[in-house]
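S.K.: Sharing model_24.txt below, compact mmCIF, C-alpha atoms:
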```txt
# COMPACT_ATOMS: atom_id res chain seq x y z
CA GLN A 70 -25.56 -10.01 20.06
CA ASN A 71 -23.15 -9.89 17.21
CA ALA A 72 -19.48 -9.85 18.00
CA ALA A 73 -17.64 -6.55 17.75
CA SER A 74 -14.22 -7.72 18.83
CA PRO A 75 -11.99 -10.58 17.65
CA ILE A 76 -12.16 -12.32 21.02
CA MET A 77 -15.94 -12.34 20.98
CA GLU A 78 -15.89 -13.86 17.51
CA GLU A 79 -13.66 -16.63 18.79
CA LEU A 80 -15.97 -17.15 21.75
CA ILE A 81 -19.01 -17.43 19.50
CA ALA A 82 -17.22 -19.96 17.28
CA PHE A 83 -16.20 -21.96 20.35
CA HIS A 84 -19.77 -21.91 21.59
CA ASP A 85 -20.90 -23.31 18.24
CA HIS A 86 -18.27 -26.04 18.53
CA ALA A 87 -19.22 -26.99 22.08
CA LEU A 88 -22.94 -26.92 21.26
CA MET A 89 -22.34 -29.22 18.31
CA ILE A 90 -20.69 -31.71 20.66
CA ILE A 91 -23.56 -31.34 23.11
CA PHE A 92 -26.09 -32.10 20.36
CA LEU A 93 -24.00 -35.10 19.32
CA ILE A 94 -23.97 -36.58 22.80
CA SER A 95 -27.61 -35.76 23.56
CA SER A 96 -28.90 -37.26 20.34
CA LEU A 97 -26.83 -40.39 20.99
CA VAL A 98 -28.19 -40.73 24.51
CA LEU A 99 -31.78 -40.09 23.42
CA TYR A 100 -31.51 -42.68 20.69
CA ILE A 101 -30.10 -45.25 23.11
CA ILE A 102 -32.83 -44.53 25.68
CA SER A 103 -35.54 -45.02 23.10
CA LEU A 104 -33.77 -48.20 22.04
CA MET A 105 -33.80 -49.53 25.59
CA LEU A 106 -37.45 -48.72 26.04
CA THR A 107 -38.69 -50.44 22.90
CA THR A 108 -37.47 -53.96 23.29
CA LYS A 109 -38.56 -57.08 25.04
CA LEU A 110 -35.22 -58.78 24.51
CA THR A 111 -32.96 -58.98 27.49
CA HIS A 112 -29.46 -60.24 28.08
CA THR A 113 -29.54 -62.91 30.74
CA SER A 114 -26.08 -64.40 30.64
CA THR A 115 -23.27 -62.89 32.60
CA MET A 116 -21.37 -60.24 30.83
CA ASN A 117 -17.70 -59.68 30.44
CA ALA A 118 -17.88 -56.07 29.53
CA GLN A 119 -14.25 -55.17 29.00
CA GLU A 120 -14.54 -53.98 25.40
CA ILE A 121 -17.48 -51.69 25.88
CA GLU A 122 -16.05 -50.28 29.09
CA MET A 123 -12.90 -49.43 27.17
CA ILE A 124 -14.97 -47.69 24.50
CA TRP A 125 -17.02 -45.62 26.84
CA THR A 126 -13.95 -44.46 28.72
CA ILE A 127 -11.76 -43.59 25.78
CA LEU A 128 -14.47 -41.93 23.68
CA PRO A 129 -15.54 -39.33 26.29
CA ALA A 130 -11.89 -38.64 27.06
CA MET A 131 -11.32 -37.82 23.40
CA ILE A 132 -14.42 -35.66 23.30
CA LEU A 133 -13.28 -33.75 26.36
CA ILE A 134 -9.89 -33.14 24.82
CA MET A 135 -11.63 -31.85 21.70
CA ILE A 136 -13.49 -29.36 23.87
CA ALA A 137 -10.57 -28.41 26.09
CA LEU A 138 -8.01 -27.54 23.42
CA PRO A 139 -9.94 -24.69 21.74
CA SER A 140 -11.05 -23.52 25.16
CA LEU A 141 -7.50 -23.16 26.43
CA ARG A 142 -6.48 -21.45 23.20
CA ILE A 143 -9.12 -18.78 23.71
CA LEU A 144 -8.28 -18.46 27.37
CA TYR A 145 -4.67 -17.63 26.61
CA MET A 146 -5.79 -15.35 23.81
CA THR A 147 -7.78 -13.22 26.25
CA ASP A 148 -4.70 -12.78 28.43
CA GLU A 149 -2.48 -11.82 25.54
CA PHE A 150 -0.72 -8.58 26.23
CA ASN A 151 -0.89 -6.05 23.42
CA LYS A 152 0.51 -2.61 24.00
CA PRO A 153 -2.60 -0.65 24.87
CA TYR A 154 -3.18 2.79 23.38
CA LEU A 155 -5.30 3.99 26.23
CA THR A 156 -6.05 3.07 29.80
CA LEU A 157 -9.52 3.46 31.24
CA LYS A 158 -10.24 3.04 34.91
CA ALA A 159 -13.74 1.85 35.72
CA ILE A 160 -14.62 2.01 39.39
CA GLY A 161 -17.86 0.60 40.66
CA HIS A 162 -20.00 2.28 43.27
CA GLN A 163 -23.47 1.70 44.54
CA TRP A 164 -25.09 2.41 42.15
CA TYR A 165 -23.04 4.00 39.41
CA TRP A 166 -19.72 3.69 37.65
CA SER A 167 -17.04 6.32 37.70
CA TYR A 168 -14.56 6.44 34.87
CA GLU A 169 -11.11 8.00 34.83
CA TYR A 170 -8.87 8.65 31.89
CA SER A 171 -5.50 9.55 33.34
CA ASP A 172 -3.08 9.00 30.47
CA TYR A 173 -2.68 12.50 29.12
CA GLU A 174 -4.87 14.89 31.06
CA ASP A 175 -6.94 13.87 34.03
CA LEU A 176 -10.55 13.29 33.09
CA ALA A 177 -12.97 11.69 35.51
CA PHE A 178 -16.75 11.48 35.55
CA ASP A 179 -19.59 9.51 37.02
CA SER A 180 -21.99 7.56 34.92
CA TYR A 181 -25.46 6.98 36.35
CA ILE A 182 -28.16 4.87 34.79
CA MET A 183 -30.86 6.89 33.06
CA PRO A 184 -34.15 6.50 34.91
CA THR A 185 -36.95 5.14 32.77
CA TYR A 186 -39.04 8.29 32.88
CA PHE A 187 -36.21 10.33 31.39
CA LEU A 188 -35.73 8.13 28.33
CA GLU A 189 -36.31 9.48 24.84
CA PRO A 190 -38.05 7.25 22.29
CA GLY A 191 -35.51 4.91 20.74
CA GLU A 192 -33.34 4.62 23.82
CA PHE A 193 -32.85 1.36 25.67
CA ARG A 194 -34.41 0.95 29.08
CA LEU A 195 -31.97 0.09 31.88
CA LEU A 196 -29.05 0.45 29.50
CA GLU A 197 -28.77 4.17 28.89
CA VAL A 198 -26.56 6.32 31.08
CA ASP A 199 -26.21 10.02 31.52
CA ASN A 200 -22.48 10.25 30.71
CA ARG A 201 -21.34 7.75 28.15
CA THR A 202 -17.81 6.37 28.09
CA THR A 203 -16.17 7.10 24.76
CA LEU A 204 -13.36 4.91 23.49
CA PRO A 205 -11.44 4.82 20.20
CA MET A 206 -12.27 1.97 17.83
CA GLU A 207 -9.75 -0.48 16.37
CA ALA A 208 -7.40 0.28 19.27
CA ASP A 209 -6.31 -1.93 22.12
CA ILE A 210 -7.55 -0.41 25.33
CA ARG A 211 -6.65 -1.51 28.79
CA VAL A 212 -9.52 -1.28 31.27
CA LEU A 213 -8.64 -1.37 34.95
CA ILE A 214 -11.63 -2.35 36.97
CA SER A 215 -12.10 -2.00 40.67
CA SER A 216 -14.76 -1.15 43.17
CA GLN A 217 -15.24 1.29 45.96
CA ASP A 218 -17.74 -0.57 48.08
CA VAL A 219 -19.17 -3.97 47.12
CA LEU A 220 -18.59 -6.50 44.36
CA HIS A 221 -19.65 -5.29 40.94
CA SER A 222 -19.01 -6.57 37.45
CA TRP A 223 -18.13 -4.61 34.33
CA ALA A 224 -19.35 -6.23 31.16
CA VAL A 225 -19.78 -5.39 27.47
CA PRO A 226 -21.38 -8.45 25.83
CA SER A 227 -20.55 -7.77 22.20
CA LEU A 228 -16.90 -7.15 23.01
CA GLY A 229 -16.67 -10.33 25.07
CA VAL A 230 -15.70 -8.52 28.27
CA LYS A 231 -16.94 -9.36 31.71
CA THR A 232 -14.67 -8.67 34.65
CA ASP A 233 -15.50 -8.50 38.32
CA ALA A 234 -14.96 -5.28 40.20
CA ILE A 235 -13.64 -6.30 43.57
CA PRO A 236 -12.94 -3.80 46.32
CA GLY A 237 -9.28 -3.77 47.10
CA ARG A 238 -8.28 -5.47 43.86
CA LEU A 239 -7.44 -4.16 40.43
CA ASN A 240 -8.55 -6.33 37.52
CA GLN A 241 -7.38 -5.75 33.99
CA ALA A 242 -9.35 -6.39 30.84
CA MET A 243 -8.31 -5.73 27.26
CA VAL A 244 -10.88 -4.25 24.95
CA ALA A 245 -10.51 -3.93 21.18
CA SER A 246 -13.56 -3.05 19.12
CA MET A 247 -13.52 -3.62 15.38
CA ARG A 248 -16.50 -1.46 14.52
CA PRO A 249 -17.85 1.88 15.66
CA GLY A 250 -21.09 1.86 17.56
CA LEU A 251 -22.98 1.99 20.80
CA TYR A 252 -22.20 -0.94 23.09
CA MET B 112 -54.03 -81.21 6.04
CA ALA B 113 -50.74 -81.23 4.41
CA SER B 114 -48.18 -80.34 6.94
CA GLU B 115 -45.52 -78.06 5.63
CA VAL B 116 -42.40 -77.61 7.59
CA LEU B 117 -41.86 -73.98 8.25
CA ALA B 118 -38.37 -72.70 8.42
CA LYS B 119 -37.16 -72.60 12.01
CA PRO B 120 -37.34 -69.00 13.12
CA GLN B 121 -34.26 -67.21 14.33
CA MET B 122 -34.12 -67.79 18.07
CA ARG B 123 -30.66 -66.94 19.23
CA GLY B 124 -28.56 -63.89 19.01
CA LEU B 125 -31.58 -61.62 18.56
CA LEU B 126 -30.53 -59.01 21.08
CA ALA B 127 -26.97 -59.06 19.86
CA ARG B 128 -28.10 -58.50 16.29
CA ARG B 129 -30.49 -55.72 17.29
CA LEU B 130 -27.79 -54.06 19.35
CA ARG B 131 -25.25 -54.31 16.61
CA ILE B 132 -27.51 -52.72 14.01
CA HIS B 133 -28.79 -50.00 16.28
CA MET B 134 -25.44 -49.08 17.83
CA VAL B 135 -24.05 -48.42 14.40
CA GLY B 136 -27.24 -46.54 13.57
CA ALA B 137 -27.04 -44.51 16.77
CA PHE B 138 -23.50 -43.38 16.09
CA LEU B 139 -24.36 -42.52 12.51
CA VAL B 140 -27.43 -40.55 13.61
CA SER B 141 -25.54 -38.58 16.24
CA LEU B 142 -22.65 -37.83 13.88
CA GLY B 143 -25.24 -36.77 11.33
CA VAL B 144 -26.85 -34.40 13.82
CA ALA B 145 -23.46 -32.90 14.62
CA ALA B 146 -22.58 -32.51 10.95
CA LEU B 147 -25.99 -30.98 10.27
CA TYR B 148 -25.46 -28.42 13.02
CA LYS B 149 -21.95 -27.64 11.87
CA PHE B 150 -22.89 -27.08 8.24
CA ALA B 151 -26.26 -25.47 8.77
CA VAL B 152 -25.36 -23.13 11.64
CA ALA B 153 -21.66 -22.87 12.46
CA GLU B 154 -20.16 -22.57 8.99
CA PRO B 155 -22.75 -20.06 7.69
CA ARG B 156 -22.14 -17.95 10.78
CA LYS B 157 -18.38 -17.90 10.21
CA ARG B 158 -18.95 -17.12 6.56
CA ALA B 159 -21.35 -14.29 7.47
CA TYR B 160 -18.72 -12.69 9.68
CA ALA B 161 -16.06 -13.07 6.98
CA ASP B 162 -18.35 -11.57 4.35
CA PHE B 163 -19.30 -8.68 6.58
CA TYR B 164 -15.70 -7.72 7.19
CA LYS B 165 -14.48 -8.28 3.65
CA ASN B 166 -15.53 -4.90 2.30
CA TYR B 167 -16.13 -3.18 5.59
CA SER B 168 -14.95 0.34 6.14
CA PRO B 169 -15.15 1.42 9.77
CA GLU B 170 -14.82 5.07 8.79
CA LYS B 171 -17.81 4.90 6.46
CA ASP B 172 -19.84 3.09 9.09
CA PHE B 173 -18.85 5.74 11.60
CA GLU B 174 -19.97 8.57 9.30
CA GLU B 175 -23.33 6.88 8.78
CA MET B 176 -23.78 6.43 12.52
CA LYS B 177 -22.82 10.03 13.18
CA LYS B 178 -25.38 11.17 10.60
CA ALA B 179 -28.03 8.99 12.26
CA GLY B 180 -27.36 10.89 15.47
CA ILE B 181 -26.72 8.07 17.89
CA PHE B 182 -23.57 9.54 19.33
CA ARG B 183 -23.90 12.08 22.05
CA SER B 184 -20.35 13.35 22.25
CA ILE B 185 -20.00 14.34 18.59
CA LYS B 186 -22.68 15.75 16.33
```
Could you write out this structure as structure tokens?
M.R.:
Amino acid sequence: QNAASPIMEELIAFHDHALMIIFLISSLVLYIISLMLTTKLTHTSTMNAQEIEMIWTILPAMILIMIALPSLRILYMTDEFNKPYLTLKAIGHQWYWSYEYSDYEDLAFDSYIMPTYFLEPGEFRLLEVDNRTTLPMEADIRVLISSQDVLHSWAVPSLGVKTDAIPGRLNQAMVASMRPGLY
Amino acid sequence: MASEVLAKPQMRGLLARRLRIHMVGAFLVSLGVAALYKFAVAEPRKRAYADFYKNYSPEKDFEEMKKAGIFRSIK
């Protein structure tokens, strides 16, 4: 899905970066394998392999650093604290979510999945709910996620949010959408 | 039969030469693959996002969505 929040954009760019490195390494390995399989020449004298061992230790270490640095940058970006405009509490039950907005006036409702036989044409199967959660766009929103019974997980793919709902624990996720829409 | 002396064929260092050529080739090929991916996929994607947001108005988008009727809380 296309990104709708700045963090998701960063995640997509990081995925492109990591995939590029994966293609680099895989193509190198494939080439070398085909090289090994298509020769009758062999090396029969004893080898003092210091130089090549040095190369194939240092080179992967550099590649790993190249992957780790952007990854850590994004990790700390997700935990950045921006003053949230709104707090939403998402509590998982079997098998629905209940949402509470308690900042100004208390508002709480349950959100059940829409059974397939109730869907109108144009609606998404297994994704529609009876009461939708409405949030302001272009605003930092703090989502507090917990669970009443078993482990759940609250995720919005295009906003780059996936946080586990653990009974007895309160997890915090920051959500900031850049465009209006249905997520 | 006139006997011509052929040049002595290369007998030593064959594997080393093959390895040398192909190792360089392998690194060039893999770097090429990475560069191809970066400039054919990653950069256009970043540019597409930048272009989308350059003249983007969330309010206008919101009005269009509201007119299309996808929101349930506001008509």
S.K.: Could you build a table of the residues in segment 97-210 of chain A lying no more than 9 Å from segment 119-130 of chain B, giving for each the nearest pair of atoms and their separation in Å rounded to one decimal place, using all atoms listed in the file, ordered by chain and ascending residue number, as CSV?
M.R.:
```
residue,atom,partner,partner_atom,distance
A:Leu104,CA,B:Leu130,CA,8.8
A:Thr108,CA,B:Leu126,CA,8.9
A:Leu110,CA,B:Leu126,CA,5.8
A:Thr111,CA,B:Leu126,CA,6.9
A:His112,CA,B:Leu126,CA,7.2
```
S.K.: Just want the 8 Å neighbourhood of Arg248 of chain A, counted on only C-alpha atoms, with same-chain residues fewer than 4 positions away dropped. Output as an NGL selection string.
M.R.: (:A and (73-74 or 206-207)) or (:B and (169 or 172))
S.K.: Considering all atoms listed in the file, give me a table of residues in chain A that are at most 7 Å from chain B, with the closest atom pair and distance in Å for each, as a tab-separated table.
M.R.:
```
residue	atom	partner	partner_atom	distance
A:Asp85	CA	B:Ala153	CA	5.8
A:Met89	CA	B:Ala145	CA	5.3
A:Ile90	CA	B:Ala145	CA	6.8
A:Phe92	CA	B:Ala145	CA	6.4
A:Leu93	CA	B:Ser141	CA	4.9
A:Ser96	CA	B:Ser141	CA	5.5
A:Leu97	CA	B:Ser141	CA	5.2
A:Tyr100	CA	B:Ala137	CA	6.2
A:Leu110	CA	B:Leu126	CA	5.8
A:Thr111	CA	B:Leu126	CA	6.9
A:Arg248	CA	B:Pro169	CA	5.7
A:Pro249	CA	B:Phe173	CA	5.7
```
S.K.: Distance cut-off 10 Å, centre (-9.4, 6.5, 33.8) in file coordinates, counting only C-alpha atoms: which residues qualify? Return them as a VMD selection string.
M.R.: chain A and resid 155 to 160 167 to 172 174 to 178 211 to 214
S.K.: Any idea what's packed within 12 Å of Phe83 of chain A, counting all atoms listed in the file, ignoring anything in its chain fewer than 2 positions away? Could you give it as a CSV table (one decimal) with C-alpha atoms, in the frame of the given file?
M.R.:
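The result, stored in part_21.csv:
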```csv
chain,number,residue,atom,x,y,z
A,76,ILE,CA,-12.2,-12.3,21.0
A,77,MET,CA,-15.9,-12.3,21.0
A,78,GLU,CA,-15.9,-13.9,17.5
A,79,GLU,CA,-13.7,-16.6,18.8
A,80,LEU,CA,-16.0,-17.2,21.8
A,81,ILE,CA,-19.0,-17.4,19.5
A,85,ASP,CA,-20.9,-23.3,18.2
A,86,HIS,CA,-18.3,-26.0,18.5
A,87,ALA,CA,-19.2,-27.0,22.1
A,88,LEU,CA,-22.9,-26.9,21.3
A,89,MET,CA,-22.3,-29.2,18.3
A,90,ILE,CA,-20.7,-31.7,20.7
A,135,MET,CA,-11.6,-31.8,21.7
A,136,ILE,CA,-13.5,-29.4,23.9
A,137,ALA,CA,-10.6,-28.4,26.1
A,138,LEU,CA,-8.0,-27.5,23.4
A,139,PRO,CA,-9.9,-24.7,21.7
A,140,SER,CA,-11.0,-23.5,25.2
A,141,LEU,CA,-7.5,-23.2,26.4
A,142,ARG,CA,-6.5,-21.4,23.2
A,143,ILE,CA,-9.1,-18.8,23.7
A,144,LEU,CA,-8.3,-18.5,27.4
B,149,LYS,CA,-22.0,-27.6,11.9
B,153,ALA,CA,-21.7,-22.9,12.5
B,156,ARG,CA,-22.1,-18.0,10.8
B,157,LYS,CA,-18.4,-17.9,10.2
```
S.K.: In Å, rounded to a single decimal, give me how far atom CA of Ala245 of chain A is from atom CA of Ala208 of chain A.
M.R.: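 Those two atoms sit 5.6 Å apart.
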S.K.: Expressed in Å to a single decimal, how great is the separation between atom CA of Gly180 of chain B and atom CA of Gly229 of chain A?
M.R.: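 Separation between atom CA of Gly180 of chain B and atom CA of Gly229 of chain A: 25.6 Å.
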S.K.: Please report the interatomic distance between atom CA of Val225 of chain A and atom CA of Tyr252 of chain A in Å with one decimal.
M.R.: 6.7 Å
S.K.: Would you please take segment 153-166 of chain B of the structure in the block above and write N, CA, C and O atoms to a file as a short mmCIF file (atom, residue, chain, number, x, y, z; two decimals), in the first residue's frame?
M.R.:
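Written out: decode_14.cif:
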```cif
data_model
loop_
_atom_site.label_atom_id
_atom_site.label_comp_id
_atom_site.auth_asym_id
_atom_site.auth_seq_id
_atom_site.Cartn_x
_atom_site.Cartn_y
_atom_site.Cartn_z
N ALA B 153 14.02 2.43 -6.85
CA ALA B 153 14.02 3.22 -5.60
C ALA B 153 13.90 4.72 -5.88
O ALA B 153 13.07 5.41 -5.28
N GLU B 154 14.73 5.23 -6.79
CA GLU B 154 14.68 6.66 -7.05
C GLU B 154 13.35 7.10 -7.66
O GLU B 154 12.78 8.12 -7.24
N PRO B 155 12.80 6.37 -8.67
CA PRO B 155 11.48 6.78 -9.17
C PRO B 155 10.42 6.77 -8.09
O PRO B 155 9.53 7.62 -8.08
N ARG B 156 10.51 5.81 -7.14
CA ARG B 156 9.50 5.78 -6.10
C ARG B 156 9.59 7.02 -5.22
O ARG B 156 8.58 7.63 -4.88
N LYS B 157 10.84 7.40 -4.86
CA LYS B 157 10.99 8.59 -4.02
C LYS B 157 10.50 9.83 -4.76
O LYS B 157 9.86 10.70 -4.19
N ARG B 158 10.83 9.84 -6.09
CA ARG B 158 10.41 11.00 -6.86
C ARG B 158 8.89 11.04 -6.97
O ARG B 158 8.28 12.11 -6.93
N ALA B 159 8.25 9.86 -7.09
CA ALA B 159 6.79 9.83 -7.20
C ALA B 159 6.14 10.39 -5.94
O ALA B 159 5.18 11.16 -6.01
N TYR B 160 6.70 10.01 -4.77
CA TYR B 160 6.15 10.56 -3.53
C TYR B 160 6.35 12.07 -3.47
O TYR B 160 5.44 12.82 -3.09
N ALA B 161 7.55 12.53 -3.86
CA ALA B 161 7.82 13.98 -3.80
C ALA B 161 6.88 14.72 -4.73
O ALA B 161 6.32 15.76 -4.37
N ASP B 162 6.68 14.16 -5.94
CA ASP B 162 5.79 14.84 -6.89
C ASP B 162 4.36 14.86 -6.40
O ASP B 162 3.64 15.84 -6.58
N PHE B 163 3.93 13.76 -5.77
CA PHE B 163 2.56 13.71 -5.30
C PHE B 163 2.31 14.78 -4.25
O PHE B 163 1.26 15.44 -4.24
N TYR B 164 3.28 14.97 -3.37
CA TYR B 164 3.05 15.92 -2.29
C TYR B 164 3.39 17.35 -2.63
O TYR B 164 3.15 18.26 -1.85
N LYS B 165 3.96 17.57 -3.84
CA LYS B 165 4.38 18.93 -4.16
C LYS B 165 3.20 19.88 -4.22
O LYS B 165 3.21 20.95 -3.65
N ASN B 166 2.16 19.48 -4.98
CA ASN B 166 1.01 20.37 -5.11
C ASN B 166 -0.21 19.75 -4.47
O ASN B 166 -1.31 19.87 -4.99
#
```
